[in-house]
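Student: Below is one structure. I have some questions about it.
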Amino acid sequence: MTSASFTLLLGANALGRDIIKNKMTEKITKKEVLDYLAIPEKDFKNYFEFSKEIKGEKIGSRWYFDKQEISEWKNLKESRTVELALKEYETCFEFAIKMVYGGLSLNGIRGQRTEVQAADDVILGILAEHAIKKFLAKKFSAEIKLDEKVHPEEITPQDFDLIRDNGSFRKPKLGVGVKASKMKNAFLVLGSNEVELPERRSDVYIFARVGLPSDHLFRILREHSFFGKVRMFLDQNDKFKKILELENIPVWICGFAYTSELEKVTSIPGQEFSNGHRYVKSVGNLHNSDRDWRELISKL
């Protein structure tokens with residue numbers, strides 16, 4: 001075989017490998033990803049740029065994404081999402097109101113809150129706790145009990161109260177804290193006191209995104225006579241938003257981090273912590289495989 005023929009053969013083999021590779025790793029555009037995932041563009045941007053849970057490849061001036069990886073991400077998201085029914089929402093909101101009127105501080109990270117604002121902040125965490133309880137039971141047959149008593153003027157750092165072990169319930173061996181946020185957020189974020197004060201610290205933190213509409217209270221009250229005239233006006237005017245019914249609440253359980261894995265920072269992408277440091281972990285770096293969850297459960 002001549003040198004030229006050998007070179008041509010190598011080139012043909014390389015071309016063949018590239019064709020096979022391209023077939024195995026089909027690339028899709030950002031628009032195609034958004035259509036496929038059916039999520040808001042702002043959320044996608046946070047998941048891609050900030051938490052890095054969605055990865056892409058820049059070719060020229062455009063970003064492309066591996067279709068198989070995007071499909072796997074979507075499947076994991078769906079397998080980690082728990083739907084809470086309206087009755088469960090009502091139970092959680094009732095508990096949130098009891099907490100607010102039971103002595104919960106109205107001084108939040110945004111300053112002084114009203115009772116409505118405080119309850120709105122608190123309910124995300126309570127919804128997440130109930131969803132995680134359902135998730136562990138259904139997916140891994142792990143039965144836990146939550147602390148569902150209101151403790152006036154007292155912060156209870158551990159959200160798992162009991163776990164079933166050999167037919168009876170006992171206290172968990174690890175302290176577990178649950179943190180929740182809106183769907184767009186890319187980081188598990190903890191205040192300094194939650195990590196640095198021994199009486200507040202947990203051993204592991206589970207993070208969930210909660211798809212609670214911002215107008216959930218209005219939706220609950222939409223049938224109330226007080227809203228009658230308003231609803232009639234909104235329904236009759238196409239240019240106005242409507243007060244929709246409150247349906248099932250999706251809670252996306254994103255994973256967990258051990259306290260020793262948290263990063264001490266004064267900012268995260270898109271946000272500066274002007275009043276001190278925080279302890280954080282990006283969603284892309286949380287433990288979230290079935291194996292990770294089974295290992296955690298074995299330690300509880």
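We name chains A, B, ... following the order of the structure tokens; residues begin at 1 in each chain, and ligands are numbered from 1 as shown.
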Could you produce a table of the residues of region 122-236 of chain A lying within 12 Å of region 49-71 of chain A, with the nearest pair of atoms per residue and their separation in Å rounded to one decimal, using only C-alpha atoms, ordered by chain and increasing residue number, as a tab-separated table?
Tutor:
```
residue	atom	partner	partner_atom	distance
A:Lys184	CA	A:Ser51	CA	10.5
A:Asn185	CA	A:Ser51	CA	8.6
A:Ala186	CA	A:Ser51	CA	5.0
A:Phe187	CA	A:Ser51	CA	6.6
A:Leu188	CA	A:Ser51	CA	9.9
```
Student: Would you output that residue set with C-alpha atoms, as a short mmCIF file (atom, residue, chain, number, x, y, z; two decimals), in the first residue's frame?
Tutor:
```cif
data_model
loop_
_atom_site.label_atom_id
_atom_site.label_comp_id
_atom_site.auth_asym_id
_atom_site.auth_seq_id
_atom_site.Cartn_x
_atom_site.Cartn_y
_atom_site.Cartn_z
CA LYS A 184 -35.99 28.91 39.01
CA ASN A 185 -33.36 28.76 41.76
CA ALA A 186 -30.08 26.96 41.09
CA PHE A 187 -28.53 26.70 44.56
CA LEU A 188 -29.17 25.20 47.96
#
```
Student: Run DSSP on the backbone and tell me which residues of region 144-200 of chain A come out as helix (DSSP H, G or I); list them as a ChimeraX atom specification.
Tutor: /A:192-196
Student: Excluding Ile206 (chain A) and its own-chain neighbours fewer than 3 positions away, which residues fall within 12 Å of it when counting only C-alpha atoms? Please give them as a ChimeraX atom specification.
Tutor: /A:125,128-129,131-133,136,158-160,175-181,187-190,202-203,209,252-259,281,283,286-288,293,296
Student: I'd like to know which of A:Trp73, A:Asp35, A:Asp120, A:Phe135 is closest to Phe48 (chain A), using only C-alpha atoms.
Tutor: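 Smallest distance to Phe48 (chain A) is found for A:Trp73.
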Student: Please measure the separation of CA of Lys42 (chain A) and CA of Ile126 (chain A), giving the value in Å to one decimal.
Tutor: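 Separating CA of Lys42 (chain A) from CA of Ile126 (chain A) is a distance of 25.2 Å.
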